>>> print(open('run21.cif').read())   # mmCIF, C-alpha atoms
data_structure
loop_
_atom_site.label_atom_id
_atom_site.label_comp_id
_atom_site.auth_asym_id
_atom_site.auth_seq_id
_atom_site.Cartn_x
_atom_site.Cartn_y
_atom_site.Cartn_z
CA MET M 1 19.29 -22.17 16.25
CA SER M 2 21.52 -24.54 18.16
CA SER M 3 24.61 -22.60 17.10
CA TRP M 4 23.10 -19.42 18.54
CA ILE M 5 22.40 -21.20 21.82
CA THR M 6 25.90 -22.64 21.81
CA ALA M 7 27.44 -19.20 21.32
CA ASN M 8 25.38 -17.70 24.15
CA LEU M 9 26.20 -20.54 26.53
CA THR M 10 29.88 -20.43 25.61
CA ASN M 11 30.00 -16.71 26.35
CA MET M 12 28.13 -17.27 29.58
CA PHE M 13 30.48 -19.91 30.96
CA THR M 14 33.56 -18.10 29.68
CA ASP M 15 32.44 -14.89 31.39
CA VAL M 16 32.16 -16.74 34.69
CA ASN M 17 35.71 -18.06 34.33
CA ASP M 18 37.09 -14.66 33.34
CA LYS M 19 35.21 -12.69 35.96
CA VAL M 20 37.21 -13.95 38.94
CA GLY M 21 40.55 -13.25 37.27
CA THR M 22 39.50 -9.78 36.12
CA ILE M 23 38.16 -8.72 39.49
CA ALA M 24 41.19 -10.16 41.27
CA ASP M 25 43.46 -8.07 39.08
CA GLU M 26 41.48 -4.86 39.66
CA VAL M 27 40.88 -5.29 43.40
CA ALA M 28 44.49 -6.33 44.07
CA ARG M 29 45.81 -3.05 42.70
CA THR M 30 46.93 -0.47 45.22
CA PRO M 31 46.14 3.24 44.71
CA SER M 32 49.71 3.80 43.54
CA THR M 33 49.44 1.20 40.76
CA TRP M 34 45.81 1.78 39.74
CA ASN M 35 46.43 5.21 38.18
CA ALA M 36 49.83 6.86 38.54
CA GLY M 37 48.55 10.31 37.50
CA VAL M 38 45.72 10.41 40.03
CA PHE M 39 47.98 9.00 42.75
CA SER M 40 50.59 11.70 42.14
CA MET M 41 47.94 14.43 42.31
CA VAL M 42 46.48 13.04 45.54
CA ARG M 43 49.92 12.77 47.10
CA ASN M 44 50.72 16.40 46.23
CA LEU M 45 47.41 17.52 47.72
CA SER M 46 48.10 15.56 50.88
CA GLU M 47 51.64 16.88 51.35
CA ASP M 48 51.22 20.47 50.13
CA VAL M 49 47.69 21.36 51.22
CA ILE M 50 46.58 19.03 54.02
CA LEU M 51 49.89 18.52 55.86
CA PRO M 52 50.32 22.21 56.88
CA ILE M 53 46.79 22.18 58.30
CA ALA M 54 47.61 18.95 60.14
CA GLY M 55 50.69 20.68 61.56
CA MET M 56 48.51 23.35 63.15
CA ILE M 57 46.14 20.71 64.49
CA ILE M 58 48.91 18.67 66.10
CA SER M 59 50.29 21.83 67.75
CA PHE M 60 46.91 22.47 69.34
CA VAL M 61 46.52 18.81 70.31
CA LEU M 62 49.93 18.67 71.99
CA VAL M 63 49.33 21.89 73.93
CA TYR M 64 45.97 20.54 75.03
CA GLU M 65 47.64 17.29 76.05
CA LEU M 66 50.20 19.18 78.15
CA ILE M 67 47.47 21.17 79.88
CA THR M 68 45.53 17.99 80.57
CA MET M 69 48.58 16.28 82.06
CA VAL M 70 49.22 19.27 84.34
CA ILE M 71 45.62 19.38 85.52
CA ASP M 72 45.64 15.65 86.20
CA LYS M 73 48.59 16.20 88.54
CA ASN M 74 46.62 18.67 90.69
CA ASN M 75 47.95 21.79 88.98
CA MET M 76 51.59 20.78 89.43
CA HIS M 77 51.19 20.23 93.19
CA GLU M 78 52.01 16.59 92.61
CA PHE M 79 54.72 17.29 90.06
CA ASP M 80 56.75 14.34 88.85
CA THR M 81 59.78 14.78 86.63
CA SER M 82 58.65 11.80 84.60
CA LEU M 83 55.72 13.96 83.47
CA PHE M 84 58.00 16.05 81.28
CA PHE M 85 59.70 13.04 79.72
CA ARG M 86 56.34 11.34 79.03
CA PHE M 87 55.10 14.46 77.27
CA VAL M 88 58.25 14.77 75.17
CA PHE M 89 58.02 11.10 74.23
CA LYS M 90 54.35 11.40 73.25
CA ALA M 91 55.06 14.57 71.28
CA CYS M 92 57.93 12.96 69.38
CA LEU M 93 55.85 9.89 68.66
CA ALA M 94 52.91 12.00 67.44
CA VAL M 95 55.15 14.05 65.15
CA MET M 96 56.77 10.91 63.78
CA ILE M 97 53.36 9.38 63.03
CA LEU M 98 52.28 12.57 61.28
CA SER M 99 55.46 12.73 59.22
CA ARG M 100 54.89 9.12 58.10
CA ALA M 101 51.13 9.44 57.64
CA PHE M 102 51.24 8.84 53.91
CA ASP M 103 53.51 5.79 54.22
CA ILE M 104 51.34 4.29 56.98
CA THR M 105 48.23 4.74 54.87
CA MET M 106 49.79 3.12 51.81
CA ALA M 107 51.06 0.22 53.94
CA VAL M 108 47.46 -0.63 54.83
CA PHE M 109 46.55 -0.89 51.15
CA ASP M 110 49.66 -2.97 50.46
CA VAL M 111 48.51 -5.47 53.09
CA GLY M 112 45.02 -5.49 51.55
CA SER M 113 46.49 -6.09 48.10
CA HIS M 114 48.50 -9.04 49.41
CA LEU M 115 45.34 -10.45 51.01
CA VAL M 116 43.36 -10.24 47.76
CA THR M 117 46.20 -11.67 45.68
CA SER M 118 46.58 -14.64 47.99
CA ALA M 119 42.82 -15.27 47.98
CA ALA M 120 42.61 -14.99 44.19
CA GLY M 121 44.95 -17.92 43.71
CA VAL M 122 42.78 -20.16 45.86
CA ILE M 123 39.45 -18.93 44.49
CA SER M 124 40.39 -19.10 40.81
CA GLY M 125 41.56 -22.68 41.12
CA ASP M 126 38.40 -23.81 42.93
CA THR M 127 35.79 -22.18 40.67
CA ASP M 128 37.07 -22.72 37.15
CA ILE M 129 34.39 -24.22 34.88
CA ASN M 130 35.33 -26.54 32.01
CA VAL M 131 33.39 -24.88 29.19
CA GLY M 132 33.78 -27.75 26.71
CA THR M 133 32.58 -30.40 29.15
CA ALA M 134 29.67 -28.25 30.31
CA LEU M 135 28.34 -27.68 26.80
CA THR M 136 28.80 -31.33 25.82
CA ASP M 137 26.79 -32.46 28.84
CA LEU M 138 24.04 -29.97 28.10
CA PHE M 139 23.67 -30.96 24.45
CA ASN M 140 23.83 -34.68 25.17
CA SER M 141 21.26 -34.55 27.97
CA GLN M 142 18.72 -31.92 26.92
CA ILE M 143 19.26 -29.66 23.92
CA ASP M 144 19.40 -32.42 21.31
CA ALA M 145 15.97 -33.65 22.46
CA MET M 146 14.23 -30.25 22.20
CA GLU M 147 11.73 -29.22 19.52
CA ILE M 148 12.09 -26.00 17.52
CA GLY M 149 9.70 -24.07 19.79
CA GLU M 150 11.56 -25.00 22.93
CA LEU M 151 14.88 -24.23 21.26
CA LEU M 152 13.59 -20.76 20.38
CA GLN M 153 12.53 -20.23 23.99
CA LEU M 154 15.91 -21.42 25.20
CA ALA M 155 17.70 -19.10 22.77
CA LEU M 156 15.74 -16.11 24.07
CA GLU M 157 16.46 -17.14 27.64
CA THR M 158 20.19 -17.41 27.01
CA MET M 159 20.12 -13.99 25.34
CA VAL M 160 18.44 -12.45 28.38
CA ILE M 161 20.86 -14.11 30.79
CA THR M 162 23.82 -12.97 28.71
CA PHE M 163 22.44 -9.42 28.87
CA CYS M 164 22.22 -9.77 32.66
CA MET M 165 25.88 -10.79 32.67
CA ASP M 166 26.76 -7.60 30.80
CA ILE M 167 24.83 -5.50 33.32
CA MET M 168 26.63 -7.32 36.13
CA SER M 169 29.98 -6.52 34.56
CA LEU M 170 29.03 -2.85 34.37
CA LEU M 171 27.94 -2.78 38.00
CA ILE M 172 31.12 -4.51 39.12
CA THR M 173 33.16 -1.90 37.24
CA VAL M 174 31.23 0.89 38.96
CA ILE M 175 31.80 -0.71 42.37
CA LEU M 176 35.53 -1.22 41.76
CA TYR M 177 36.07 2.31 40.44
CA GLY M 178 33.96 3.79 43.24
CA ARG M 179 36.00 1.93 45.85
CA MET M 180 39.27 3.15 44.38
CA ILE M 181 38.07 6.77 44.24
CA GLU M 182 37.05 6.45 47.89
CA CYS M 183 40.57 5.20 48.65
CA TYR M 184 42.06 8.30 47.02
CA LEU M 185 39.75 10.55 49.04
CA TRP M 186 40.82 8.89 52.30
CA ILE M 187 44.49 9.11 51.34
CA SER M 188 44.26 12.81 50.50
CA VAL M 189 43.28 13.81 54.07
CA SER M 190 45.36 11.24 55.96
CA PRO M 191 47.58 13.78 57.84
CA ILE M 192 44.60 15.40 59.61
CA PRO M 193 43.30 12.35 61.53
CA TYR M 194 46.86 11.22 62.30
CA ALA M 195 47.51 14.63 63.85
CA THR M 196 45.02 13.80 66.61
CA ALA M 197 46.78 10.60 67.72
CA GLY M 198 48.78 12.37 70.44
CA ASN M 199 45.86 13.01 72.77
CA ARG M 200 43.74 10.37 74.47
CA GLU M 201 40.52 12.36 74.03
CA TRP M 202 41.09 13.20 70.39
CA SER M 203 42.77 9.95 69.37
CA GLY M 204 39.38 8.42 68.58
CA ILE M 205 39.48 10.34 65.29
CA ALA M 206 42.76 8.69 64.29
CA GLN M 207 41.56 5.28 65.47
CA ASN M 208 38.32 5.48 63.50
CA TYR M 209 40.21 6.70 60.41
CA PHE M 210 42.57 3.76 60.62
CA LYS M 211 39.64 1.36 61.01
CA GLY M 212 38.10 2.88 57.88
CA LEU M 213 41.33 2.33 55.95
CA CYS M 214 41.43 -1.31 57.01
CA ALA M 215 37.78 -1.66 56.00
CA LEU M 216 38.59 -0.39 52.51
CA ALA M 217 41.45 -2.87 52.32
CA ILE M 218 39.42 -5.93 53.31
CA GLN M 219 36.48 -4.85 51.15
CA GLY M 220 38.47 -6.16 48.20
CA PHE M 221 38.66 -9.56 49.90
CA PHE M 222 34.89 -9.59 50.43
CA ILE M 223 34.37 -8.75 46.75
CA MET M 224 36.51 -11.73 45.82
CA VAL M 225 34.50 -14.02 48.10
CA CYS M 226 31.21 -12.81 46.60
CA VAL M 227 32.37 -13.55 43.05
CA ALA M 228 33.76 -16.94 44.12
CA VAL M 229 30.42 -17.94 45.66
CA TYR M 230 28.68 -16.77 42.48
CA SER M 231 31.01 -18.86 40.32
CA VAL M 232 30.35 -22.00 42.37
CA LEU M 233 26.58 -21.47 42.17
CA VAL M 234 26.67 -20.91 38.40
CA ALA M 235 28.67 -24.11 37.98
CA SER M 236 25.56 -26.02 39.12
CA ILE M 237 24.09 -25.53 35.64
CA THR M 238 26.25 -28.39 34.40
CA VAL M 239 24.34 -30.88 36.54
CA ALA M 240 20.88 -29.28 36.44
CA ASP M 241 17.94 -31.54 35.56
CA ASN M 242 16.03 -28.72 33.87
CA LEU M 243 18.00 -26.33 31.70
CA HIS M 244 15.32 -23.61 31.74
CA ILE M 245 15.24 -23.54 35.53
CA ALA M 246 19.02 -23.52 35.68
CA LEU M 247 19.26 -20.50 33.38
CA TRP M 248 16.80 -18.49 35.44
CA MET M 249 18.66 -19.51 38.55
CA ILE M 250 21.72 -17.91 36.99
CA ALA M 251 19.70 -14.71 36.57
CA ALA M 252 18.74 -14.87 40.26
CA TYR M 253 22.36 -15.48 41.24
CA THR M 254 23.39 -12.48 39.16
CA VAL M 255 20.97 -10.20 40.99
CA LEU M 256 22.15 -11.64 44.31
CA LEU M 257 25.78 -11.02 43.38
CA CYS M 258 25.15 -7.37 42.53
CA PHE M 259 23.30 -6.85 45.82
CA SER M 260 26.12 -8.55 47.75
CA LEU M 261 28.80 -6.44 46.08
CA PHE M 262 27.01 -3.26 47.08
CA ARG M 263 26.93 -4.53 50.66
CA THR M 264 30.66 -5.28 50.90
CA SER M 265 31.54 -1.74 52.00
CA SER M 266 29.09 -1.63 54.92
CA LEU M 267 30.00 -5.20 55.88
CA ALA M 268 33.73 -4.37 56.03
CA ARG M 269 33.02 -1.31 58.20
CA SER M 270 30.74 -3.35 60.45
CA VAL M 271 33.43 -6.00 60.99
CA LEU M 272 35.94 -3.38 62.14
CA SER M 273 33.40 -1.13 63.92
CA ALA M 274 34.36 1.76 61.66
CA HIS M 275 31.94 4.70 61.46
#
>>> encode(input="run21.cif", output="structure tokens")
Amino acid sequence: MSSWITANLTNMFTDVNDKVGTIADEVARTPSTWNAGVFSMVRNLSEDVILPIAGMIISFVLVYELITMVIDKNNMHEFDTSLFFRFVFKACLAVMILSRAFDITMAVFDVGSHLVTSAAGVISGDTDINVGTALTDLFNSQIDAMEIGELLQLALETMVITFCMDIMSLLITVILYGRMIECYLWISVSPIPYATAGNREWSGIAQNYFKGLCALAIQGFFIMVCVAVYSVLVASITVADNLHIALWMIAAYTVLLCFSLFRTSSLARSVLSAH
């Protein structure tokens, strides 16, 4: 019986240690390194299908911008030669942004990857649990003094908590894969919002798109923080006075972690006012 409990507890503590490193590795990956085949397909779609449409949009936007500038100058009655040069400059800048839309988008994810990688080094070092010491403390303080009935109850509890850990791992995988698929979707249409950057009335589309990209990038950082908080809370089991209560607290922390991970996307958008 005690060996079964030991195995469950060992897996539990080991999973907590491994979880931070695994998530850090997945979240730190950029779309180009996550899946080369999908990234190549998305890039071809962006450049061959979406970019020509963006070219038509930017033509309309620039013409509209020229008309607006003329109207603002009282239908050319207050003509200023600088008007022409300002329009040419804005047009060149807008075309340059559109031509580099894919590179700008990927640069945002590169910054996000650097942020997650830097955070992972700090978080992993602060939340690592010494599995051997934890189990020794538990056996010395509580498990050795338990009767067979209480040991059976504890074994069932550890089995349930371990099952919760497995569910948590599945949910984390779904969240990570869903986030990356969302990144690919945003990348695929990047030329269209960038095509609106040349007009002050339409530029809100480009601004909101860029905010959304930054939100996707920092979502990975929020995921890391959630798992780090979870790891610190789970570490409290090594000093708990009642092992049964501590195990069910782990179950509560697991549910809280899953809820928090699902909230990271909306939180990141809220921070950057992205809609």
>>> closest_residue(input="run21.cif", among="M:Leu216, M:Leu257, M:Phe210, M:Ile104", to="Ser231 of chain M", atoms="only C-alpha atoms")
M:Leu257
>>> resolve_selection(input="run21.cif", expression="the PyMOL selection byres ((chain M and resi 38) around 12)", output="list of chain:residue names")
M:Pro31, M:Ser32, M:Thr33, M:Trp34, M:Asn35, M:Ala36, M:Gly37, M:Phe39, M:Ser40, M:Met41, M:Val42, M:Arg43, M:Asn44, M:Leu45, M:Met180, M:Ile181, M:Cys183, M:Tyr184, M:Leu185, M:Ile187, M:Ser188
>>> residues_around(input="run21.cif", residues="segment 85-94 of chain M", least_positions_apart="3", cutoff="12 Å", atoms="all atoms listed in the file", output="short mmCIF file (atom, residue, chain, number, x, y, z; two decimals) with C-alpha atoms, in the coordinates of the input")
data_model
loop_
_atom_site.label_atom_id
_atom_site.label_comp_id
_atom_site.auth_asym_id
_atom_site.auth_seq_id
_atom_site.Cartn_x
_atom_site.Cartn_y
_atom_site.Cartn_z
CA ALA M 54 47.61 18.95 60.14
CA GLY M 55 50.69 20.68 61.56
CA ILE M 57 46.14 20.71 64.49
CA ILE M 58 48.91 18.67 66.10
CA SER M 59 50.29 21.83 67.75
CA PHE M 60 46.91 22.47 69.34
CA VAL M 61 46.52 18.81 70.31
CA LEU M 62 49.93 18.67 71.99
CA VAL M 63 49.33 21.89 73.93
CA TYR M 64 45.97 20.54 75.03
CA GLU M 65 47.64 17.29 76.05
CA LEU M 66 50.20 19.18 78.15
CA ILE M 67 47.47 21.17 79.88
CA THR M 68 45.53 17.99 80.57
CA MET M 69 48.58 16.28 82.06
CA VAL M 70 49.22 19.27 84.34
CA ASP M 80 56.75 14.34 88.85
CA THR M 81 59.78 14.78 86.63
CA SER M 82 58.65 11.80 84.60
CA ILE M 97 53.36 9.38 63.03
CA LEU M 98 52.28 12.57 61.28
CA SER M 99 55.46 12.73 59.22
CA ARG M 100 54.89 9.12 58.10
CA ALA M 101 51.13 9.44 57.64
CA PRO M 191 47.58 13.78 57.84
CA ILE M 192 44.60 15.40 59.61
CA PRO M 193 43.30 12.35 61.53
CA TYR M 194 46.86 11.22 62.30
CA ALA M 195 47.51 14.63 63.85
CA THR M 196 45.02 13.80 66.61
CA ALA M 197 46.78 10.60 67.72
CA GLY M 198 48.78 12.37 70.44
CA ASN M 199 45.86 13.01 72.77
CA ARG M 200 43.74 10.37 74.47
CA SER M 203 42.77 9.95 69.37
CA ALA M 206 42.76 8.69 64.29
#
>>> residues_around(input="run21.cif", residues="Gly220 of chain M", least_positions_apart="4", cutoff="9 Å", atoms="all atoms listed in the file", output="number ranges by chain")
M: 24, 27-28, 112-113, 115-116, 176, 179, 216, 224-225, 264
>>> closest_residue(input="run21.cif", among="M:Leu256, M:Ala251, M:Ala274, M:Val189", to="Ser46 of chain M", atoms="all atoms listed in the file")
M:Val189
>>> atom_distance(input="run21.cif", atom1="atom CA of Trp248 of chain M", atom2="atom CA of Phe222 of chain M")
25.1 Å
>>> atom_distance(input="run21.cif", atom1="atom CA of Val111 of chain M", atom2="atom CA of Glu201 of chain M")
28.6 Å
>>> atom_distance(input="run21.cif", atom1="atom CA of Phe102 of chain M", atom2="atom CA of Asn208 of chain M")
16.4 Å
>>> axis_aligned_box(input="run21.cif", around="segment 193-206 of chain M", padding_each_side="3 Å", output="JSON")
{"center_x": 44.1, "center_y": 11.5, "center_z": 68.0, "size_x": 15.4, "size_y": 12.2, "size_z": 18.9}
>>> resolve_selection(input="run21.cif", expression="the PyMOL selection byres ((chain M and resi 261) around 12)", output="PyMOL selection string")
chain M and resi 23+168-169+171-176+178-179+219-230+254-260+262-268
>>> closest_residue(input="run21.cif", among="M:Leu247, M:Trp186, M:Gly212, M:Ala217", to="Ser270 of chain M", atoms="only C-alpha atoms")
M:Gly212
>>> closest_residue(input="run21.cif", among="M:Asp166, M:Leu272, M:Ala252, M:Val122", to="Gln207 of chain M", atoms="only C-alpha atoms")
M:Leu272
>>> closest_residue(input="run21.cif", among="M:Asp103, M:Cys214, M:Val160, M:Phe84", to="Ser273 of chain M", atoms="only C-alpha atoms")
M:Cys214
>>> closest_residue(input="run21.cif", among="M:Ile167, M:Ala120, M:Val108, M:Ile245", to="Asp25 of chain M", atoms="all atoms listed in the file")
M:Ala120
